[in-house]
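File shown: start_8.cif. Contents: mmCIF, C-alpha atoms.
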data_final
#
loop_
_atom_site.label_atom_id
_atom_site.label_comp_id
_atom_site.auth_asym_id
_atom_site.auth_seq_id
_atom_site.Cartn_x
_atom_site.Cartn_y
_atom_site.Cartn_z
CA MET A 1 52.97 254.71 7.46
CA ALA A 2 51.90 258.00 8.99
CA ASN A 3 55.22 258.43 10.83
CA LEU A 4 57.37 257.94 7.69
CA VAL A 5 57.09 261.04 5.51
CA GLU A 6 58.96 263.10 2.92
CA ALA A 7 59.78 266.80 3.12
CA THR A 8 60.09 268.52 -0.26
CA SER A 9 60.61 272.08 0.97
CA GLN A 10 61.92 274.03 3.94
CA GLN A 11 58.33 274.78 4.94
CA ASP A 12 57.48 271.05 4.91
CA PHE A 13 60.52 270.31 7.03
CA GLU A 14 59.76 272.98 9.64
CA SER A 15 56.07 272.01 9.78
CA LEU A 16 56.84 268.31 10.36
CA LEU A 17 59.42 269.18 13.00
CA SER A 18 56.88 271.35 14.80
CA LYS A 19 54.15 268.68 14.70
CA ALA A 20 56.46 266.11 16.27
CA GLY A 21 56.75 268.23 19.43
CA LYS A 22 58.89 266.59 22.11
CA CYS A 23 58.88 263.19 20.38
CA LEU A 24 61.97 262.08 18.52
CA THR A 25 62.29 263.08 14.86
CA VAL A 26 64.83 261.41 12.54
CA VAL A 27 65.70 263.22 9.30
CA HIS A 28 67.45 261.37 6.49
CA PHE A 29 69.31 263.71 4.13
CA GLN A 30 69.44 261.61 0.98
CA ALA A 31 70.06 261.67 -2.78
CA ALA A 32 68.19 259.70 -5.43
CA TRP A 33 71.45 258.79 -7.18
CA ALA A 34 73.02 257.17 -4.09
CA PRO A 35 72.21 253.43 -3.69
CA GLN A 36 73.25 253.48 -0.02
CA CYS A 37 70.45 255.97 0.64
CA ALA A 38 67.90 253.56 -0.80
CA GLN A 39 69.26 250.87 1.53
CA MET A 40 68.95 253.16 4.56
CA ASN A 41 65.39 254.09 3.56
CA GLU A 42 64.51 250.40 3.93
CA VAL A 43 66.07 250.48 7.38
CA MET A 44 64.04 253.58 8.25
CA ALA A 45 60.83 251.93 7.05
CA GLU A 46 61.41 248.99 9.39
CA LEU A 47 62.24 251.31 12.28
CA ALA A 48 59.08 253.32 11.61
CA LYS A 49 57.01 250.15 12.13
CA GLU A 50 58.66 249.55 15.50
CA TYR A 51 58.93 253.12 16.83
CA THR A 52 55.43 254.36 16.13
CA HIS A 53 55.78 257.61 18.10
CA THR A 54 58.98 258.63 16.30
CA THR A 55 58.69 260.66 13.09
CA PHE A 56 61.01 259.64 10.23
CA ILE A 57 61.54 262.26 7.50
CA LYS A 58 63.18 261.71 4.11
CA LEU A 59 64.65 264.87 2.60
CA GLU A 60 66.48 265.25 -0.74
CA ALA A 61 69.60 267.19 0.24
CA GLU A 62 70.01 268.85 -3.17
CA VAL A 63 66.31 269.65 -3.58
CA VAL A 64 66.10 271.56 -0.27
CA PRO A 65 69.56 273.22 -0.16
CA GLU A 66 68.60 275.84 2.43
CA VAL A 67 67.99 273.11 5.05
CA SER A 68 71.09 271.14 4.01
CA GLU A 69 73.29 274.23 4.27
CA LYS A 70 71.84 275.24 7.63
CA PHE A 71 72.83 271.89 9.15
CA GLU A 72 76.11 271.60 7.22
CA ILE A 73 75.19 268.49 5.24
CA THR A 74 78.18 267.68 3.03
CA SER A 75 77.51 264.03 2.14
CA VAL A 76 74.69 261.50 1.94
CA PRO A 77 73.31 259.65 3.71
CA THR A 78 73.36 261.84 6.82
CA PHE A 79 70.90 261.53 9.70
CA LEU A 80 69.94 264.28 12.14
CA PHE A 81 67.96 263.61 15.31
CA PHE A 82 65.65 266.27 16.75
CA LYS A 83 63.64 266.72 19.95
CA ALA A 84 61.39 269.72 20.54
CA GLY A 85 62.77 271.28 17.36
CA GLU A 86 66.39 271.07 18.55
CA LYS A 87 69.12 268.91 17.01
CA VAL A 88 70.38 266.42 19.60
CA GLU A 89 72.42 263.91 17.58
CA ARG A 90 73.97 263.30 14.16
CA LEU A 91 75.03 260.23 12.19
CA ASP A 92 77.03 260.37 8.94
CA GLY A 93 77.06 257.42 6.56
CA ALA A 94 75.12 254.22 5.91
CA HIS A 95 75.44 252.47 9.27
CA ALA A 96 72.24 250.51 9.93
CA PRO A 97 73.21 249.10 13.36
CA GLU A 98 74.32 252.53 14.59
CA LEU A 99 71.13 254.17 13.31
CA THR A 100 69.03 251.55 15.09
CA LYS A 101 71.02 251.99 18.29
CA LYS A 102 70.60 255.79 18.28
CA VAL A 103 66.85 255.57 17.57
CA GLN A 104 66.44 253.06 20.39
CA LYS A 105 68.48 255.13 22.84
CA LEU A 106 66.88 258.49 22.01
CA SER A 107 63.37 257.03 21.96
CA GLU A 108 63.84 255.56 25.43
CA SER A 109 65.10 258.89 26.75
CA ALA A 110 61.89 260.49 25.51
CA GLY A 111 60.02 259.07 28.50
CA GLY A 112 59.20 255.73 26.89
CA GLN A 113 56.84 257.26 24.31
CA GLY A 114 58.98 256.33 21.33
CA GLY A 115 59.91 252.80 22.33
CA PRO A 116 59.17 249.79 20.19
CA LYS A 117 55.81 248.09 20.32
CA GLY A 118 55.60 245.22 22.80
CA GLY A 119 58.72 246.20 24.77
CA ALA A 120 62.03 244.35 24.86
CA PRO A 121 62.15 240.63 24.12
CA GLU A 122 62.33 238.29 27.08
CA GLU A 123 65.62 236.80 28.16
CA ASP A 124 64.67 233.30 27.04
CA LEU A 125 64.08 234.65 23.51
CA ASN A 126 67.64 235.96 23.48
CA GLU A 127 68.88 232.51 24.41
CA ARG A 128 66.85 231.01 21.60
CA LEU A 129 68.23 233.56 19.13
CA LYS A 130 71.79 232.74 20.22
CA ARG A 131 71.14 229.05 19.62
CA LEU A 132 69.71 229.71 16.16
CA ILE A 133 72.54 232.05 15.18
CA ASN A 134 75.14 229.51 16.30
CA SER A 135 73.38 226.47 14.83
CA ALA A 136 75.69 226.56 11.77
CA PRO A 137 79.03 228.22 10.91
CA CYS A 138 77.17 230.32 8.34
CA MET A 139 73.54 231.15 9.11
CA LEU A 140 71.11 233.08 6.90
CA PHE A 141 67.88 234.55 8.27
CA MET A 142 65.68 235.16 5.25
CA LYS A 143 62.14 235.27 3.92
CA GLY A 144 61.35 231.79 2.68
CA SER A 145 63.91 229.06 2.05
CA PRO A 146 66.91 228.73 -0.30
CA GLN A 147 64.71 226.55 -2.52
CA GLU A 148 61.81 229.04 -2.44
CA PRO A 149 62.89 232.58 -1.48
CA ARG A 150 59.91 234.85 -0.81
CA CYS A 151 61.41 238.25 -1.55
CA GLY A 152 63.84 239.71 -4.05
CA PHE A 153 66.57 240.45 -1.51
CA SER A 154 66.46 236.90 -0.12
CA ARG A 155 66.59 235.51 -3.65
CA GLN A 156 69.64 237.62 -4.48
CA ILE A 157 71.59 236.73 -1.34
CA VAL A 158 70.93 232.99 -1.79
CA GLN A 159 72.19 233.19 -5.38
CA LEU A 160 75.25 235.17 -4.27
CA LEU A 161 76.14 232.56 -1.65
CA LYS A 162 75.65 229.73 -4.13
CA ASP A 163 77.75 231.51 -6.78
CA HIS A 164 80.61 231.69 -4.29
CA SER A 165 80.15 228.09 -3.05
CA ILE A 166 79.33 229.22 0.49
CA LYS A 167 77.88 226.46 2.64
CA PHE A 168 75.10 227.84 4.85
CA SER A 169 71.97 226.97 6.80
CA SER A 170 68.88 229.15 6.85
CA PHE A 171 65.88 230.14 8.95
CA ASP A 172 62.57 231.37 7.50
CA ILE A 173 61.63 234.48 9.51
CA LEU A 174 58.13 234.39 8.03
CA SER A 175 57.52 231.19 9.98
CA ASP A 176 58.23 232.75 13.39
CA GLU A 177 57.21 236.34 14.17
CA GLU A 178 58.90 236.23 17.57
CA VAL A 179 62.29 235.44 16.00
CA ARG A 180 61.67 237.96 13.23
CA GLN A 181 61.04 240.86 15.60
CA GLY A 182 63.46 239.72 18.31
CA LEU A 183 66.42 239.41 15.95
CA LYS A 184 66.07 243.04 14.86
CA LEU A 185 66.68 244.22 18.43
CA PHE A 186 69.16 241.48 19.30
CA SER A 187 71.52 242.44 16.47
CA ASN A 188 70.58 246.11 16.04
CA TRP A 189 69.85 245.39 12.37
CA PRO A 190 66.23 246.10 11.44
CA THR A 191 66.02 244.53 7.97
CA PHE A 192 66.26 241.08 6.41
CA PRO A 193 68.00 239.05 5.11
CA GLN A 194 70.67 238.85 7.83
CA PHE A 195 73.81 236.72 7.45
CA TYR A 196 75.91 235.45 10.38
CA THR A 197 79.30 233.74 10.46
CA ASN A 198 80.49 231.95 13.59
CA GLY A 199 77.76 233.60 15.65
CA GLU A 200 78.56 237.16 14.53
CA LEU A 201 76.43 239.35 12.26
CA LEU A 202 78.18 239.96 8.94
CA GLY A 203 75.37 242.06 7.44
CA GLY A 204 72.69 242.05 4.79
CA LEU A 205 72.66 241.79 1.01
CA ASP A 206 74.58 245.00 0.32
CA ILE A 207 77.40 244.09 2.73
CA LEU A 208 77.76 240.65 1.15
CA LYS A 209 77.79 242.20 -2.32
CA GLU A 210 80.63 244.50 -1.25
CA LEU A 211 82.58 241.59 0.24
CA ALA A 212 82.05 239.55 -2.93
CA GLU A 213 83.25 242.42 -5.14
CA SER A 214 86.36 242.93 -3.00
CA GLY A 215 87.13 239.21 -2.91
CA GLU A 216 86.81 239.04 0.88
CA LEU A 217 83.63 236.92 1.00
CA GLN A 218 85.41 233.64 0.34
CA ASN A 219 87.91 234.38 3.11
CA THR A 220 85.11 235.23 5.54
CA CYS A 221 82.94 232.16 4.96
CA PRO A 222 83.86 228.47 4.67
CA LYS A 223 83.41 227.24 1.12
CA THR A 224 81.28 224.20 0.35
CA VAL A 225 83.26 221.00 0.76
CA THR A 226 83.00 218.87 -2.38
CA LEU A 227 81.67 215.35 -1.94
CA GLU A 228 84.99 213.85 -3.04
CA HIS A 229 86.91 215.92 -0.48
CA ARG A 230 84.38 215.00 2.20
CA LEU A 231 84.72 211.27 1.37
CA LYS A 232 88.50 211.51 1.64
CA LEU A 233 88.19 213.20 5.01
CA VAL A 234 85.87 210.52 6.37
CA ILE A 235 87.89 207.62 4.92
CA ASN A 236 91.04 208.99 6.56
CA GLN A 237 89.32 209.79 9.83
CA SER A 238 91.03 206.75 11.36
CA PRO A 239 93.77 204.38 10.13
CA VAL A 240 91.13 201.65 9.97
CA MET A 241 87.63 202.74 8.89
CA LEU A 242 84.62 200.49 8.46
CA PHE A 243 81.60 201.81 6.55
CA MET A 244 78.60 199.77 7.61
CA LYS A 245 74.91 199.79 8.44
CA GLY A 246 74.79 200.75 12.09
CA ASN A 247 77.81 201.10 14.37
CA LYS A 248 80.10 199.10 16.66
CA GLU A 249 77.42 198.89 19.33
CA ALA A 250 74.49 198.01 17.07
CA ALA A 251 74.86 196.55 13.59
CA LYS A 252 71.75 196.94 11.43
CA CYS A 253 72.22 194.13 8.93
CA GLY A 254 73.61 190.60 8.96
CA PHE A 255 76.70 191.40 6.84
CA SER A 256 77.64 194.30 9.12
CA ARG A 257 77.14 192.10 12.18
CA GLN A 258 79.43 189.40 10.76
CA ILE A 259 82.22 191.80 9.85
CA LEU A 260 82.07 193.38 13.33
CA GLU A 261 82.62 189.95 14.92
CA ILE A 262 85.66 189.36 12.73
CA MET A 263 87.10 192.84 13.33
CA ASN A 264 86.64 192.56 17.09
CA SER A 265 88.47 189.22 17.12
CA THR A 266 91.67 190.84 15.78
CA GLY A 267 92.17 193.27 18.69
CA VAL A 268 93.02 196.07 16.24
CA ASP A 269 91.43 199.49 16.89
CA TYR A 270 89.04 200.75 14.24
CA ASP A 271 86.28 203.32 13.73
CA THR A 272 82.94 202.93 12.01
CA PHE A 273 80.68 205.14 9.94
CA ASP A 274 76.94 204.48 9.75
CA ILE A 275 75.95 204.90 6.10
CA LEU A 276 72.26 204.86 7.06
CA GLN A 277 72.76 208.28 8.67
CA ASP A 278 74.13 209.98 5.55
CA GLU A 279 72.65 209.21 2.13
CA GLU A 280 75.19 211.41 0.33
CA ILE A 281 78.11 209.42 1.76
CA ARG A 282 76.28 206.12 1.18
CA GLN A 283 75.77 206.76 -2.55
CA GLY A 284 78.95 208.73 -3.15
CA LEU A 285 81.28 206.11 -1.69
CA LYS A 286 80.00 203.47 -4.11
CA THR A 287 81.14 205.56 -7.06
CA TYR A 288 84.29 206.88 -5.41
CA SER A 289 85.62 203.37 -4.63
CA ASN A 290 83.89 201.53 -7.48
CA TRP A 291 82.50 199.12 -4.89
CA PRO A 292 78.67 198.93 -4.95
CA THR A 293 77.91 197.13 -1.69
CA TYR A 294 78.38 197.48 2.07
CA PRO A 295 80.15 196.98 4.41
CA GLN A 296 83.39 198.50 3.08
CA LEU A 297 86.71 198.37 4.96
CA TYR A 298 89.52 200.90 4.46
CA VAL A 299 93.06 200.87 5.87
CA LYS A 300 95.14 204.07 5.65
CA GLY A 301 92.73 205.50 3.10
CA GLU A 302 92.80 202.46 0.80
CA LEU A 303 89.86 200.13 0.16
CA ILE A 304 90.47 196.56 1.37
CA GLY A 305 87.05 195.22 0.42
CA GLY A 306 83.81 193.90 1.85
CA LEU A 307 82.77 190.99 4.06
CA ASP A 308 83.97 188.23 1.67
CA ILE A 309 87.45 189.76 1.31
CA VAL A 310 87.74 190.17 5.09
CA LYS A 311 86.70 186.52 5.59
CA GLU A 312 89.37 185.35 3.12
CA LEU A 313 92.04 187.44 4.88
CA LYS A 314 91.04 185.98 8.24
CA GLU A 315 91.12 182.43 6.91
CA SER A 316 94.57 182.99 5.39
CA GLY A 317 95.88 184.55 8.60
CA ASP A 318 96.70 187.85 6.90
CA LEU A 319 93.92 190.04 8.32
CA THR A 320 95.70 191.36 11.40
CA ALA A 321 98.78 192.31 9.39
CA VAL A 322 96.64 194.05 6.77
CA LEU A 323 94.74 196.02 9.42
CA ARG A 324 98.03 197.14 10.92
CA GLY A 325 99.28 198.21 7.52
CA GLU A 326 102.08 195.66 7.54
CA SER A 327 101.30 194.15 4.15
#

Any chance you could put this one into structure tokens?
Amino acid sequence: MANLVEATSQQDFESLLSKAGKCLTVVHFQAAWAPQCAQMNEVMAELAKEYTHTTFIKLEAEVVPEVSEKFEITSVPTFLFFKAGEKVERLDGAHAPELTKKVQKLSESAGGQGGPKGGAPEEDLNERLKRLINSAPCMLFMKGSPQEPRCGFSRQIVQLLKDHSIKFSSFDILSDEEVRQGLKLFSNWPTFPQFYTNGELLGGLDILKELAESGELQNTCPKTVTLEHRLKLVINQSPVMLFMKGNKEAAKCGFSRQILEIMNSTGVDYDTFDILQDEEIRQGLKTYSNWPTYPQLYVKGELIGGLDIVKELKESGDLTAVLRGES
């Protein structure tokens, strides 16, 4: 990209600053040994695509000490913002959202010349982004899918989440350019992957790595619920639970229809679960309860049996007492 360049000397730096004129110039004082600088260079590369009239300069702080000393650079990464050769703003540290915000603000104040291509996203796009971000407790915007990641960073973050048993949904940004570009502005985070929890941006790969190393990731994100735990939760959802094909209003097999008629005749409240809507529950419950057919009736978390058992209990007059947990 013509607007993303590297200055290797004081002369290079001054020449690039002069060529930029009144347009915004962003200078990244970096060091090859600092991984956070490499991360921020990726952010700059994305910003350079969006802000085509802004010049982005990478400068090795230790290689060009005269420039670093002049502007009192004491740590990396540090960003300086220039207009007409004069420093107008400074940012210390690897803060991608803050860098994006400053570039956006200073570009707009340059008379609109440095703004992003295509202008701001429409309001209805923001609503769509909100819906996508909040479509799951943990949401990953990535290149590709968890099964087939299409970049190294996406592959790493998927593996990290799996290693820590984090349950998440994902969205392939390569499938929707409007979402891809809109999300950068919406969240002030110009790179992907992006990971959200409960509708809030947590960060990208490096942030998640830091959280994993500090042990905070598992406290931030809900862990995957095991199938056994999930089965227990569903079985105990109500004192009387009937697992069937269909539901109370519409049974989808003859056995389920018959057991509904018997259950309704007792006057005891019960809930149903439609096994046709969840294959994992349907198969898992067979093994969990060692009962291979449906319907299955549970009272206070314990298996009573299927249609034949329920018929026998009704004929013996014990069904109502069993449903009420009295025997």

Distance criterion (only C-alpha atoms): nearest to Gly301 (chain A) out of A:Thr266, A:Asn247, A:Gln159, A:Ser238: A:Ser238

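For Ile173 (chain A), the list of residues within 6 Å, based on all atoms listed in the file and with local chain neighbours fewer than 5 positions off taken out, reads Met142, Lys143 and Arg180 of chain A.
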
Surrounding residues of Trp291 (chain A) excluding itself and chain neighbours under 3 positions, 12 Å, all atoms listed in the file, as a list in words: Phe243, Arg282, Gln283, Gly284, Leu285, Lys286, Thr287, Tyr288, Tyr294, Pro295, Gln296, Leu297, Tyr298, Leu303, Ile304, Gly305 and Gly306 of chain A

Those residues you just picked out, can you put them in a file as a tab-separated table (two decimals), in the coordinates of the input with C-alpha atoms?
chain	number	residue	atom	x	y	z
A	243	PHE	CA	81.60	201.81	6.55
A	282	ARG	CA	76.28	206.12	1.18
A	283	GLN	CA	75.77	206.76	-2.55
A	284	GLY	CA	78.95	208.73	-3.15
A	285	LEU	CA	81.28	206.11	-1.69
A	286	LYS	CA	80.00	203.47	-4.11
A	287	THR	CA	81.14	205.56	-7.06
A	288	TYR	CA	84.29	206.88	-5.41
A	294	TYR	CA	78.38	197.48	2.07
A	295	PRO	CA	80.15	196.98	4.41
A	296	GLN	CA	83.39	198.50	3.08
A	297	LEU	CA	86.71	198.37	4.96
A	298	TYR	CA	89.52	200.90	4.46
A	303	LEU	CA	89.86	200.13	0.16
A	304	ILE	CA	90.47	196.56	1.37
A	305	GLY	CA	87.05	195.22	0.42
A	306	GLY	CA	83.81	193.90	1.85

Residues matched by the PyMOL selection byres ((chain A and resi 245) around 6), written as a PyMOL selection string: chain A and resi 244+246+252+274-276

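For the atom pair formed by CA of Asp269 (chain A) and CA of Pro292 (chain A), the distance is 25.3 Å, given to one decimal.
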
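Evaluated against the shown file, the PyMOL selection byres ((chain A and resi 308-320) around 9) gives Ile259, Ile262, Met263, Thr266, Gly267, Val268, Leu297, Ile304, Gly305, Gly306, Leu307, Ala321, Val322, Leu323, Arg324, Gly325, Glu326 and Ser327 of chain A.
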
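Using all atoms listed in the file, the shortest contact distance between His95 (chain A) and any of A:Asp278, A:Glu177, A:Asp206, A:Glu249 is found at A:Asp206.
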
Near-region 182-185 of chain A list (8 Å; only C-alpha atoms; drop same-chain fewer than 2 positions) as an MDAnalysis selection string: chainID A and resid 120:121 125:126 129 178:180 187:191

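CA of Ile57 (chain A) sits 5.0 Å away from CA of Val5 (chain A).
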
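Among the candidates A:Ser170, A:Gly199, A:Pro193, A:Val158, the one nearest to Arg131 (chain A) when counting all atoms listed in the file is A:Gly199.
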
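For Arg90 (chain A), the non-local neighbours within 9 Å, defined as residues at least 2 positions apart in the same chain or in other chains and counting all atoms listed in the file, are Thr78, Phe79, Leu80, Phe81, Lys87, Val88 and Asp92 of chain A.
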
Gap from CA of Phe195 (chain A) to CA of Leu208 (chain A) - Å, one decimal: 8.4 Å

Output check: residues returned by the PyMOL selection byres ((chain A and resi 65) around 12), as a ChimeraX atom specification: /A:8-10,13,29-31,59-64,66-74

Residue nearest Leu24 (chain A) - candidates A:Ala7, A:Ala2, A:Val103, A:Met241, atoms counted: only C-alpha atoms: A:Val103

Taking only residues of region 37-141 of chain A that have an atom at most 12 Å from an atom of region 145-148 of chain A, what is each one's shortest atom pair and its distance in Å to one decimal, using only C-alpha atoms, in chain and number order, as a tab-separated table?
residue	atom	partner	partner_atom	distance
A:Met139	CA	A:Pro146	CA	11.8
A:Leu140	CA	A:Pro146	CA	9.4
A:Phe141	CA	A:Ser145	CA	9.2

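Between Glu280 (chain A) and the candidates A:Glu302, A:Arg230, A:Thr52, A:Leu242, the tightest atom-to-atom separation, counting all atoms listed in the file, involves A:Arg230.
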